[in-house]
>>> print(open('input.txt').read())   # compact mmCIF, C-alpha atoms
# COMPACT_ATOMS: atom_id res chain seq x y z
CA MET N 1180 -26.24 -17.02 -2.11
CA ARG N 1181 -25.38 -17.01 -5.80
CA THR N 1182 -21.91 -15.60 -6.42
CA TYR N 1183 -21.26 -16.54 -10.05
CA ARG N 1184 -23.39 -16.16 -13.17
CA PRO N 1185 -21.88 -17.50 -16.42
CA ASN N 1186 -21.88 -14.91 -19.23
CA PRO N 1187 -20.16 -15.60 -22.60
CA ILE N 1188 -19.14 -12.00 -23.35
CA VAL N 1189 -17.53 -11.35 -19.96
CA SER N 1190 -15.85 -14.74 -20.04
CA LEU N 1191 -14.34 -14.27 -23.51
CA VAL N 1192 -13.12 -10.71 -22.97
CA SER N 1193 -11.49 -11.44 -19.61
CA ARG N 1194 -9.77 -14.54 -20.96
CA LEU N 1195 -8.40 -12.48 -23.87
CA VAL N 1196 -7.25 -9.51 -21.78
CA SER N 1197 -5.75 -11.27 -18.74
CA PRO N 1198 -2.42 -12.40 -20.33
CA PHE N 1199 -1.76 -8.84 -21.54
CA ILE N 1200 -2.31 -7.52 -18.03
CA VAL N 1201 0.32 -9.97 -16.74
CA MET N 1202 2.69 -8.87 -19.53
CA PHE N 1203 2.26 -5.19 -18.64
CA ALA N 1204 2.73 -6.00 -14.95
CA LEU N 1205 6.08 -7.69 -15.66
CA TYR N 1206 7.09 -4.62 -17.69
CA VAL N 1207 6.19 -2.35 -14.76
CA ILE N 1208 8.25 -4.45 -12.32
CA PHE N 1209 11.36 -4.70 -14.46
CA HIS N 1210 11.25 -1.11 -15.71
CA GLY N 1211 11.03 0.29 -12.20
CA HIS N 1212 14.56 1.61 -12.67
CA TYR N 1213 13.79 3.93 -15.56
CA SER N 1214 10.13 4.92 -15.22
CA PRO N 1215 7.59 5.11 -12.37
CA GLY N 1216 6.88 1.60 -11.19
CA GLY N 1217 8.56 -1.05 -9.11
CA GLY N 1218 7.67 -4.08 -7.07
CA PHE N 1219 4.44 -3.02 -5.35
CA GLN N 1220 2.76 -1.63 -8.44
CA GLY N 1221 3.57 -4.64 -10.64
CA GLY N 1222 2.59 -7.11 -7.95
CA THR N 1223 -0.83 -5.50 -7.59
CA LEU N 1224 -1.35 -5.67 -11.38
CA ILE N 1225 -0.61 -9.43 -11.53
CA ALA N 1226 -3.00 -9.94 -8.60
CA ALA N 1227 -5.64 -7.98 -10.53
CA ALA N 1228 -5.21 -10.26 -13.56
CA LEU N 1229 -5.64 -13.39 -11.42
CA ILE N 1230 -8.67 -12.01 -9.55
CA LEU N 1231 -10.28 -11.06 -12.91
CA ILE N 1232 -10.29 -14.73 -13.88
CA ARG N 1233 -11.75 -15.65 -10.49
CA LEU N 1234 -14.58 -13.18 -10.94
CA SER N 1235 -15.47 -14.07 -14.52
CA GLU N 1236 -15.01 -17.85 -14.60
CA GLY N 1237 -16.07 -18.81 -11.10
CA ASN N 1238 -13.97 -19.66 -8.08
CA GLU N 1239 -13.71 -23.41 -8.71
CA ALA N 1240 -12.66 -23.18 -12.37
CA ALA N 1241 -9.97 -20.61 -11.57
CA GLN N 1242 -8.19 -23.03 -9.23
CA LEU N 1243 -6.71 -24.63 -12.35
CA GLN N 1244 -4.75 -21.42 -13.01
CA PHE N 1245 -3.58 -20.46 -9.53
CA PRO N 1246 -4.66 -22.93 -6.78
CA ARG N 1247 -5.60 -21.50 -3.41
CA SER N 1248 -2.96 -23.61 -1.69
CA TRP N 1249 -0.18 -21.66 -3.46
CA GLY N 1250 -1.01 -18.35 -1.84
CA THR N 1251 0.77 -18.39 1.51
CA PRO N 1252 3.88 -20.41 0.46
CA LEU N 1253 4.63 -18.03 -2.45
CA GLY N 1254 4.17 -15.05 -0.13
CA SER N 1255 6.69 -16.48 2.32
CA LEU N 1256 9.04 -17.17 -0.60
CA GLY N 1257 8.91 -13.50 -1.59
CA VAL N 1258 9.83 -12.34 1.91
CA LEU N 1259 12.59 -14.97 2.01
CA ILE N 1260 14.09 -13.59 -1.24
CA TYR N 1261 14.25 -10.12 0.31
CA PHE N 1262 15.64 -11.35 3.59
CA GLY N 1263 18.05 -13.71 1.82
CA THR N 1264 19.58 -10.80 -0.08
CA GLY N 1265 20.19 -9.00 3.20
CA LEU N 1266 21.62 -12.12 4.79
CA ALA N 1267 23.93 -12.66 1.80
CA THR N 1268 25.38 -9.18 2.27
CA VAL N 1269 26.07 -9.92 5.94
CA LEU N 1270 27.73 -13.24 5.04
CA MET N 1271 29.99 -11.43 2.56
CA GLY N 1272 31.24 -9.21 5.35
CA GLY N 1273 29.29 -5.97 4.90
CA ARG N 1274 26.34 -4.46 6.74
CA PHE N 1275 22.74 -5.68 6.43
CA LEU N 1276 21.24 -4.77 3.01
CA ASP N 1277 24.47 -3.09 1.84
CA TYR N 1278 24.38 -4.20 -1.80
CA SER N 1279 27.85 -2.95 -2.72
CA VAL N 1280 29.63 -5.91 -1.07
CA LEU N 1281 27.79 -8.42 -3.25
CA HIS N 1282 30.32 -7.90 -6.08
CA LEU N 1283 27.84 -8.66 -8.85
CA SER N 1284 29.73 -6.28 -11.15
CA HIS N 1285 32.97 -4.32 -11.34
CA HIS N 1286 31.41 -0.98 -10.47
CA VAL N 1287 29.84 -0.41 -7.05
CA SER N 1288 26.85 1.43 -8.54
CA MET N 1289 25.97 -1.41 -10.95
CA SER N 1290 26.08 -3.87 -8.04
CA ARG N 1291 23.61 -1.70 -6.15
CA SER N 1292 21.38 -1.55 -9.22
CA TYR N 1293 21.23 -5.35 -9.44
CA GLY N 1294 20.57 -5.59 -5.72
CA ILE N 1295 17.59 -3.26 -6.10
CA LEU N 1296 16.27 -5.46 -8.93
CA MET N 1297 16.47 -8.64 -6.84
CA VAL N 1298 14.68 -6.97 -3.97
CA GLU N 1299 11.89 -5.66 -6.22
CA ILE N 1300 11.26 -9.15 -7.64
CA GLY N 1301 10.88 -10.50 -4.11
CA VAL N 1302 8.46 -7.72 -3.20
CA GLY N 1303 6.36 -8.25 -6.35
CA LEU N 1304 6.02 -11.98 -5.75
CA ALA N 1305 4.98 -11.52 -2.12
CA VAL N 1306 2.38 -8.83 -2.88
CA THR N 1307 0.81 -10.92 -5.68
CA ALA N 1308 0.47 -14.10 -3.67
CA ILE N 1309 -0.83 -12.43 -0.52
CA LEU N 1310 -3.48 -10.30 -2.30
CA VAL N 1311 -4.87 -13.36 -4.13
CA SER N 1312 -4.74 -15.35 -0.89
CA ILE N 1313 -6.72 -12.69 1.02
CA PHE N 1314 -9.37 -12.77 -1.75
CA ASP N 1315 -9.61 -16.57 -1.57
CA ASN N 1316 -9.87 -16.65 2.20
CA LEU N 1317 -12.63 -14.04 2.29
CA LEU N 1318 -14.70 -16.26 -0.05
CA GLU N 1319 -13.81 -19.40 1.89
CA GLY N 1320 -17.08 -21.06 2.93
CA ASN N 1321 -19.31 -19.94 0.04
CA PRO N 1322 -19.42 -22.37 -2.91
CA ASP N 1323 -20.52 -21.21 -6.38
CA VAL N 1324 -24.23 -22.00 -6.52
CA MET B 1201 -5.18 37.33 0.03
CA PHE B 1202 -5.74 35.56 -3.27
CA ASP B 1203 -2.17 34.24 -3.16
CA PHE B 1204 -2.84 32.81 0.27
CA ILE B 1205 -5.94 30.94 -0.97
CA VAL B 1206 -4.09 29.62 -4.05
CA GLY B 1207 -1.26 28.39 -1.84
CA HIS B 1208 -3.48 26.61 0.68
CA TYR B 1209 -6.69 25.44 -1.03
CA ALA B 1210 -5.41 21.88 -1.61
CA TYR B 1211 -5.00 21.37 2.12
CA TRP B 1212 -8.58 22.52 2.78
CA PHE B 1213 -10.02 20.04 0.28
CA VAL B 1214 -8.05 17.28 2.00
CA PHE B 1215 -9.55 18.34 5.34
CA ILE B 1216 -13.05 18.08 3.84
CA LEU B 1217 -12.22 14.49 2.83
CA MET B 1218 -10.94 13.81 6.34
CA ALA B 1219 -14.18 15.12 7.81
CA ILE B 1220 -16.21 12.84 5.50
CA GLY B 1221 -14.14 9.85 6.57
CA LEU B 1222 -14.49 10.68 10.26
CA TYR B 1223 -18.23 11.17 9.81
CA GLY B 1224 -18.49 7.64 8.44
CA MET B 1225 -16.39 6.19 11.24
CA ILE B 1226 -18.06 7.92 14.19
CA ILE B 1227 -21.70 8.51 13.29
CA LYS B 1228 -22.77 5.58 11.12
CA CYS B 1229 -24.02 2.42 12.87
CA ASN B 1230 -23.26 -0.27 10.29
CA LEU B 1231 -19.83 -1.92 10.58
CA VAL B 1232 -19.19 -1.97 6.82
CA LYS B 1233 -19.96 1.75 6.57
CA LYS B 1234 -17.44 2.39 9.34
CA LEU B 1235 -14.83 0.51 7.31
CA ILE B 1236 -15.59 2.60 4.23
CA GLY B 1237 -15.10 5.72 6.37
CA MET B 1238 -11.73 4.40 7.56
CA SER B 1239 -10.62 3.82 3.98
CA ILE B 1240 -11.60 7.37 2.95
CA PHE B 1241 -9.69 8.76 5.95
CA GLN B 1242 -6.52 6.85 5.02
CA VAL B 1243 -6.69 8.03 1.41
CA SER B 1244 -7.07 11.65 2.51
CA ILE B 1245 -3.87 11.45 4.60
CA ILE B 1246 -1.99 10.01 1.62
CA LEU B 1247 -3.25 12.83 -0.61
CA PHE B 1248 -2.13 15.41 1.97
CA TYR B 1249 1.47 14.22 1.94
CA VAL B 1250 1.67 13.80 -1.83
CA ALA B 1251 0.14 17.23 -2.46
CA GLY B 1252 2.56 18.86 -0.05
CA ALA B 1253 5.60 17.55 -1.91
CA ASN B 1254 5.06 19.74 -4.97
CA LYS B 1255 7.41 22.44 -6.29
CA TRP B 1256 6.63 25.18 -8.80
CA GLY B 1257 7.98 24.43 -12.28
CA ALA B 1258 9.44 21.03 -11.33
CA THR B 1259 9.02 17.64 -13.00
CA VAL B 1260 8.64 13.99 -11.91
CA PRO B 1261 11.51 12.56 -9.82
CA VAL B 1262 12.98 10.49 -12.67
CA ALA B 1263 16.44 11.75 -13.66
CA ASP B 1264 16.25 13.46 -17.04
CA PRO B 1265 19.54 13.49 -19.00
CA ALA B 1266 18.68 16.95 -20.35
CA LEU B 1267 18.20 18.49 -16.90
CA GLY B 1268 20.92 16.80 -14.87
CA THR B 1269 20.76 16.12 -11.14
CA ALA B 1270 22.81 18.99 -9.74
CA ASP B 1271 19.88 21.30 -8.97
CA PRO B 1272 17.25 19.88 -6.60
CA ALA B 1273 14.75 22.65 -7.47
CA LYS B 1274 14.01 20.99 -10.82
CA TYR B 1275 12.54 17.75 -9.38
CA ILE B 1276 9.70 17.40 -6.92
CA ASN B 1277 10.46 15.98 -3.51
CA PRO B 1278 10.61 12.15 -3.78
CA LEU B 1279 10.63 11.36 -0.07
CA PRO B 1280 6.88 11.73 0.75
CA HIS B 1281 6.02 9.64 -2.33
CA THR B 1282 8.16 6.79 -1.01
CA LEU B 1283 6.64 6.94 2.45
CA MET B 1284 3.13 6.99 1.01
CA LEU B 1285 3.79 3.83 -1.03
CA THR B 1286 4.27 2.08 2.27
CA ALA B 1287 1.13 3.74 3.66
CA ILE B 1288 -1.02 2.57 0.72
CA VAL B 1289 0.07 -1.02 1.16
CA VAL B 1290 -0.49 -0.90 4.93
CA GLY B 1291 -3.98 0.44 4.23
CA VAL B 1292 -4.75 -2.51 1.96
CA ALA B 1293 -3.53 -4.98 4.58
CA THR B 1294 -5.62 -3.28 7.29
CA MET B 1295 -8.75 -3.44 5.12
CA GLY B 1296 -8.18 -7.15 4.47
CA VAL B 1297 -7.88 -7.97 8.16
CA ALA B 1298 -10.86 -5.74 9.03
CA LEU B 1299 -13.09 -7.47 6.47
CA ALA B 1300 -12.06 -10.90 7.82
CA LEU B 1301 -13.02 -9.72 11.31
CA VAL B 1302 -16.40 -8.44 10.05
CA ILE B 1303 -17.14 -11.84 8.48
CA THR B 1304 -16.24 -13.58 11.76
CA ILE B 1305 -18.47 -11.21 13.76
CA TYR B 1306 -21.40 -11.80 11.40
CA LYS B 1307 -21.08 -15.57 11.60
CA ARG B 1308 -21.04 -15.42 15.40
CA TYR B 1309 -23.73 -12.77 16.19
CA LYS B 1310 -25.82 -12.77 12.97
CA SER B 1311 -25.98 -8.98 12.88
CA LEU B 1312 -23.84 -6.07 11.64
CA ASP B 1313 -25.52 -3.21 13.49
CA GLU B 1314 -23.46 -1.57 16.23
CA THR B 1315 -26.26 -0.95 18.75
CA ARG B 1316 -27.76 -4.42 18.34
CA LEU B 1317 -24.31 -6.00 18.69
CA LEU B 1318 -23.64 -4.13 21.92
CA GLU B 1319 -27.02 -5.25 23.34
CA GLN B 1320 -26.35 -8.88 22.44
CA MET B 1321 -22.88 -8.81 23.98
CA ARG B 1322 -24.17 -7.18 27.16
CA LYS B 1323 -26.93 -9.81 27.41
CA GLU B 1324 -24.39 -12.60 27.06
CA ASP B 1325 -22.19 -11.04 29.73
CA ASP B 1326 -25.17 -10.84 32.13
CA THR B 1327 -26.27 -14.43 31.63
CA GLU B 1328 -22.78 -15.88 32.13
CA MET D 852 -25.04 11.26 22.34
CA LYS D 853 -25.20 11.88 18.62
CA THR D 854 -25.00 15.66 18.91
CA ALA D 855 -21.75 15.36 20.87
CA ASN D 856 -20.31 13.37 17.96
CA TYR D 857 -21.24 16.11 15.46
CA ILE D 858 -19.72 18.80 17.68
CA VAL D 859 -16.48 16.82 17.97
CA LEU D 860 -16.39 16.46 14.19
CA LEU D 861 -16.82 20.22 13.62
CA LEU D 862 -14.21 21.06 16.27
CA PHE D 863 -11.75 18.67 14.65
CA THR D 864 -12.20 20.20 11.21
CA GLY D 865 -11.87 23.70 12.65
CA LEU D 866 -8.68 22.73 14.45
CA MET D 867 -7.13 21.30 11.27
CA VAL D 868 -7.98 24.41 9.23
CA TYR D 869 -6.49 26.63 11.95
CA ALA D 870 -3.33 24.49 11.98
CA SER D 871 -2.96 24.73 8.21
CA LEU D 872 -2.80 28.52 8.28
CA GLY D 873 0.82 28.27 9.41
CA LEU D 874 1.96 25.95 6.61
CA PRO D 875 4.14 27.43 3.84
CA PHE D 876 2.68 27.98 0.38
CA ARG D 877 2.22 24.68 -1.45
CA GLY D 878 5.02 24.41 -4.03
CA ASP D 879 7.40 26.99 -2.60
CA PRO D 880 10.93 25.75 -3.37
CA ASN D 881 12.31 27.62 -0.34
CA ALA D 882 10.15 25.70 2.14
CA ALA D 883 11.81 23.91 5.04
CA ILE D 884 11.26 20.36 3.73
CA HIS D 885 13.10 21.01 0.45
CA ALA D 886 16.11 22.76 2.01
CA ASP D 887 19.73 21.71 1.63
CA GLU D 888 20.38 21.89 5.35
CA SER D 889 17.73 21.08 7.92
CA VAL D 890 16.89 23.16 10.97
CA ALA D 891 19.15 20.92 13.10
CA HIS D 892 22.17 21.58 10.80
CA SER D 893 22.17 18.08 9.32
CA PRO D 894 22.11 17.49 5.54
CA GLY D 895 18.60 17.79 4.16
CA ALA D 896 17.38 14.34 3.16
CA ALA D 897 15.43 15.15 -0.01
CA ALA D 898 18.15 17.35 -1.52
CA TYR D 899 20.80 14.69 -0.82
CA TYR D 900 18.69 11.94 -2.41
CA ILE D 901 17.96 13.99 -5.53
CA ARG D 902 21.63 14.86 -6.03
CA ASN D 903 23.15 11.43 -5.39
CA ALA D 904 20.62 8.78 -6.50
CA LYS D 905 21.84 8.50 -10.09
CA LYS D 906 25.49 8.46 -9.02
CA ASP D 907 25.13 5.87 -6.25
CA ALA D 908 22.87 3.27 -7.86
CA HIS D 909 22.99 3.87 -11.66
CA THR D 910 19.21 4.17 -11.68
CA ASP D 911 17.07 6.98 -13.06
CA ASN D 912 14.02 6.57 -10.83
CA MET D 913 14.77 8.27 -7.50
CA VAL D 914 11.70 6.87 -5.72
CA THR D 915 12.80 3.26 -6.34
CA VAL D 916 16.33 4.00 -5.14
CA ILE D 917 15.04 5.53 -1.92
CA LEU D 918 12.55 2.69 -1.40
CA ALA D 919 14.93 -0.21 -2.00
CA ASP D 920 18.41 1.13 -1.28
CA TYR D 921 18.55 4.09 1.10
CA ARG D 922 15.47 3.03 3.09
CA GLY D 923 15.46 -0.69 2.33
CA TYR D 924 14.96 -1.70 5.95
CA ASP D 925 11.58 0.04 6.05
CA THR D 926 10.50 -1.85 2.93
CA LEU D 927 11.45 -5.13 4.60
CA GLY D 928 9.25 -4.25 7.57
CA GLU D 929 6.41 -3.34 5.25
CA GLU D 930 6.60 -6.65 3.39
CA THR D 931 6.38 -8.35 6.78
CA VAL D 932 3.18 -6.35 7.41
CA ILE D 933 1.64 -7.69 4.19
CA MET D 934 2.58 -11.26 5.02
CA THR D 935 1.21 -10.92 8.55
CA ALA D 936 -2.11 -9.64 7.19
CA GLY D 937 -2.32 -12.61 4.80
CA LEU D 938 -1.57 -15.05 7.61
CA ILE D 939 -4.19 -13.44 9.86
CA CYS D 940 -6.89 -13.82 7.19
CA PHE D 941 -5.76 -17.41 6.63
CA MET D 942 -6.00 -18.30 10.31
CA LEU D 943 -9.23 -16.42 11.09
CA LEU D 944 -11.25 -17.91 8.26
CA ARG D 945 -9.89 -21.45 8.05
CA ARG D 946 -11.27 -22.57 11.38
CA ARG D 947 -14.80 -22.64 10.00
CA LYS D 948 -14.29 -25.97 8.21
CA GLU D 949 -12.94 -27.73 11.29
CA GLU D 950 -15.83 -26.51 13.45
CA LYS D 951 -18.35 -27.75 10.89
CA ASP D 952 -16.67 -31.15 10.80
CA GLU D 953 -16.70 -31.42 14.60
CA ASN D 954 -20.43 -30.56 14.73
CA LEU D 955 -21.16 -33.37 12.26
>>> encode(input="input.txt", output="structure tokens")
Amino acid sequence: MRTYRPNPIVSLVSRLVSPFIVMFALYVIFHGHYSPGGGFQGGTLIAAALILIRLSEGNEAAQLQFPRSWGTPLGSLGVLIYFGTGLATVLMGGRFLDYSVLHLSHHVSMSRSYGILMVEIGVGLAVTAILVSIFDNLLEGNPDV
Amino acid sequence: MFDFIVGHYAYWFVFILMAIGLYGMIIKCNLVKKLIGMSIFQVSIILFYVAGANKWGATVPVADPALGTADPAKYINPLPHTLMLTAIVVGVATMGVALALVITIYKRYKSLDETRLLEQMRKEDDTE
Amino acid sequence: MKTANYIVLLLFTGLMVYASLGLPFRGDPNAAIHADESVAHSPGAAAYYIRNAKKDAHTDNMVTVILADYRGYDTLGEETVIMTAGLICFMLLRRRKEEKDENL
């Protein structure tokens, strides 16, 4: 079964557009405080940029950008960032996921704002890696003919 | 009477979507068509919650410095939106697992039709 | 067999439409879910979150504050769901290569 047909127009346009999609996705993650957005939305956008390269350049050539062996470890790292923030609050003496005891700033509300940012980065990383990993596993045994 | 229809028509459209999704899940024989029906059903539930969170004359739940946050009637209800973010992501995860299962079933039984699959499984149970 | 399925489908849709006749008007600010005090005399969740999100977390977007601060435990459970789904796909579809190697 043929899964990949090389086409110069599709290849050029997707290679031009994909870095801008990643840029916009980082903007959506980090501006989740002031506009609609956040971790899940930005993570899905980065996954879309990586899957675009897989669709337009072929599965084997796209391994140079994001190898398929990175999927599950990065997903676990994202969950560990989230869980580590909660564990750090318990070690500082507060309740689980109570960001005000982290003392990242003088005001309690700014400390909670930074805690939300750390948690959103963890969520974005996990969603990206797992979505690309599900795509790679579904295409596992079919080489590009 | 007209006020009643204007206040409830969104829910009725969501129920039409639910019926389309259930039709795909129950009545179609192909496994992939059943999965498409499940996805339509999940999306209709999400639309129901998000449509029910509306308020007349209110704006998005991002704090506007001109409006202030003292009056909750100026912002739409943010709680169903948050719960439906979780529901969307759970739907994506369910579709991923379901597609992996469909691939495994196809590699084992070489067919995706529900009636033919049931016959093959019954035949294998009888010959064991 | 198939006609019973169609009848069940029609009955289900009829039941949902009948149940929606009792819902309040969509957008009414006096509905029960937007109230300041719930039916059980506890503070209404949505009104509390709208009033106090900017003050508690110095963040404009109320949905992010609810998702990551007030209800952060649910978001942790949901991230676990995503990771479990990824691991299930990994384990279901990786075994193919080892079976092919054993058959050789």
>>> interface_residues(input="input.txt", of="chain N", to="chain D", cutoff="10 Å", atoms="all atoms listed in the file", output="number ranges by chain")
N: 1210-1219, 1250-1251, 1254-1255, 1257-1258, 1261-1262, 1265, 1275-1279, 1286-1299, 1301-1303, 1305-1306, 1308-1320
>>> residues_around(input="input.txt", residues="range 1222-1228 of chain B", least_positions_apart="2", cutoff="8 Å", atoms="all atoms listed in the file", output="PyMOL selection string")
(chain B and resi 1218-1220+1230+1233-1238+1241) or (chain D and resi 853+856-857+860)
>>> closest_residue(input="input.txt", among="B:Leu1317, B:Val1214, B:Val1297, B:Ala1258", to="chain D", atoms="all atoms listed in the file")
B:Val1297
>>> residues_around(input="input.txt", residues="Pro1246 in chain N", least_positions_apart="2", cutoff="12 Å", atoms="all atoms listed in the file", output="PDB file with C-alpha atoms, in the frame of the given file")
ATOM      1  CA  LEU N1229      -5.640 -13.390 -11.420  1.00  0.00           C
ATOM      2  CA  ILE N1230      -8.670 -12.010  -9.550  1.00  0.00           C
ATOM      3  CA  ARG N1233     -11.750 -15.650 -10.490  1.00  0.00           C
ATOM      4  CA  ASN N1238     -13.970 -19.660  -8.080  1.00  0.00           C
ATOM      5  CA  GLU N1239     -13.710 -23.410  -8.710  1.00  0.00           C
ATOM      6  CA  ALA N1240     -12.660 -23.180 -12.370  1.00  0.00           C
ATOM      7  CA  ALA N1241      -9.970 -20.610 -11.570  1.00  0.00           C
ATOM      8  CA  GLN N1242      -8.190 -23.030  -9.230  1.00  0.00           C
ATOM      9  CA  LEU N1243      -6.710 -24.630 -12.350  1.00  0.00           C
ATOM     10  CA  GLN N1244      -4.750 -21.420 -13.010  1.00  0.00           C
ATOM     11  CA  SER N1248      -2.960 -23.610  -1.690  1.00  0.00           C
ATOM     12  CA  TRP N1249      -0.180 -21.660  -3.460  1.00  0.00           C
ATOM     13  CA  GLY N1250      -1.010 -18.350  -1.840  1.00  0.00           C
ATOM     14  CA  THR N1251       0.770 -18.390   1.510  1.00  0.00           C
ATOM     15  CA  PRO N1252       3.880 -20.410   0.460  1.00  0.00           C
ATOM     16  CA  LEU N1253       4.630 -18.030  -2.450  1.00  0.00           C
ATOM     17  CA  ALA N1308       0.470 -14.100  -3.670  1.00  0.00           C
ATOM     18  CA  VAL N1311      -4.870 -13.360  -4.130  1.00  0.00           C
ATOM     19  CA  SER N1312      -4.740 -15.350  -0.890  1.00  0.00           C
ATOM     20  CA  ASP N1315      -9.610 -16.570  -1.570  1.00  0.00           C
TER      21      ASP N1315
END
>>> axis_aligned_box(input="input.txt", around="range 1297-1316 of chain B", padding_each_side="6 Å", output="AutoDock Vina command-line options")
--center_x -17.8 --center_y -8.3 --center_z 12.6 --size_x 31.9 --size_y 26.6 --size_z 24.3
>>> atom_distance(input="input.txt", atom1="CA of Ser1284 in chain N", atom2="CA of Ile917 in chain D")
21.0 Å
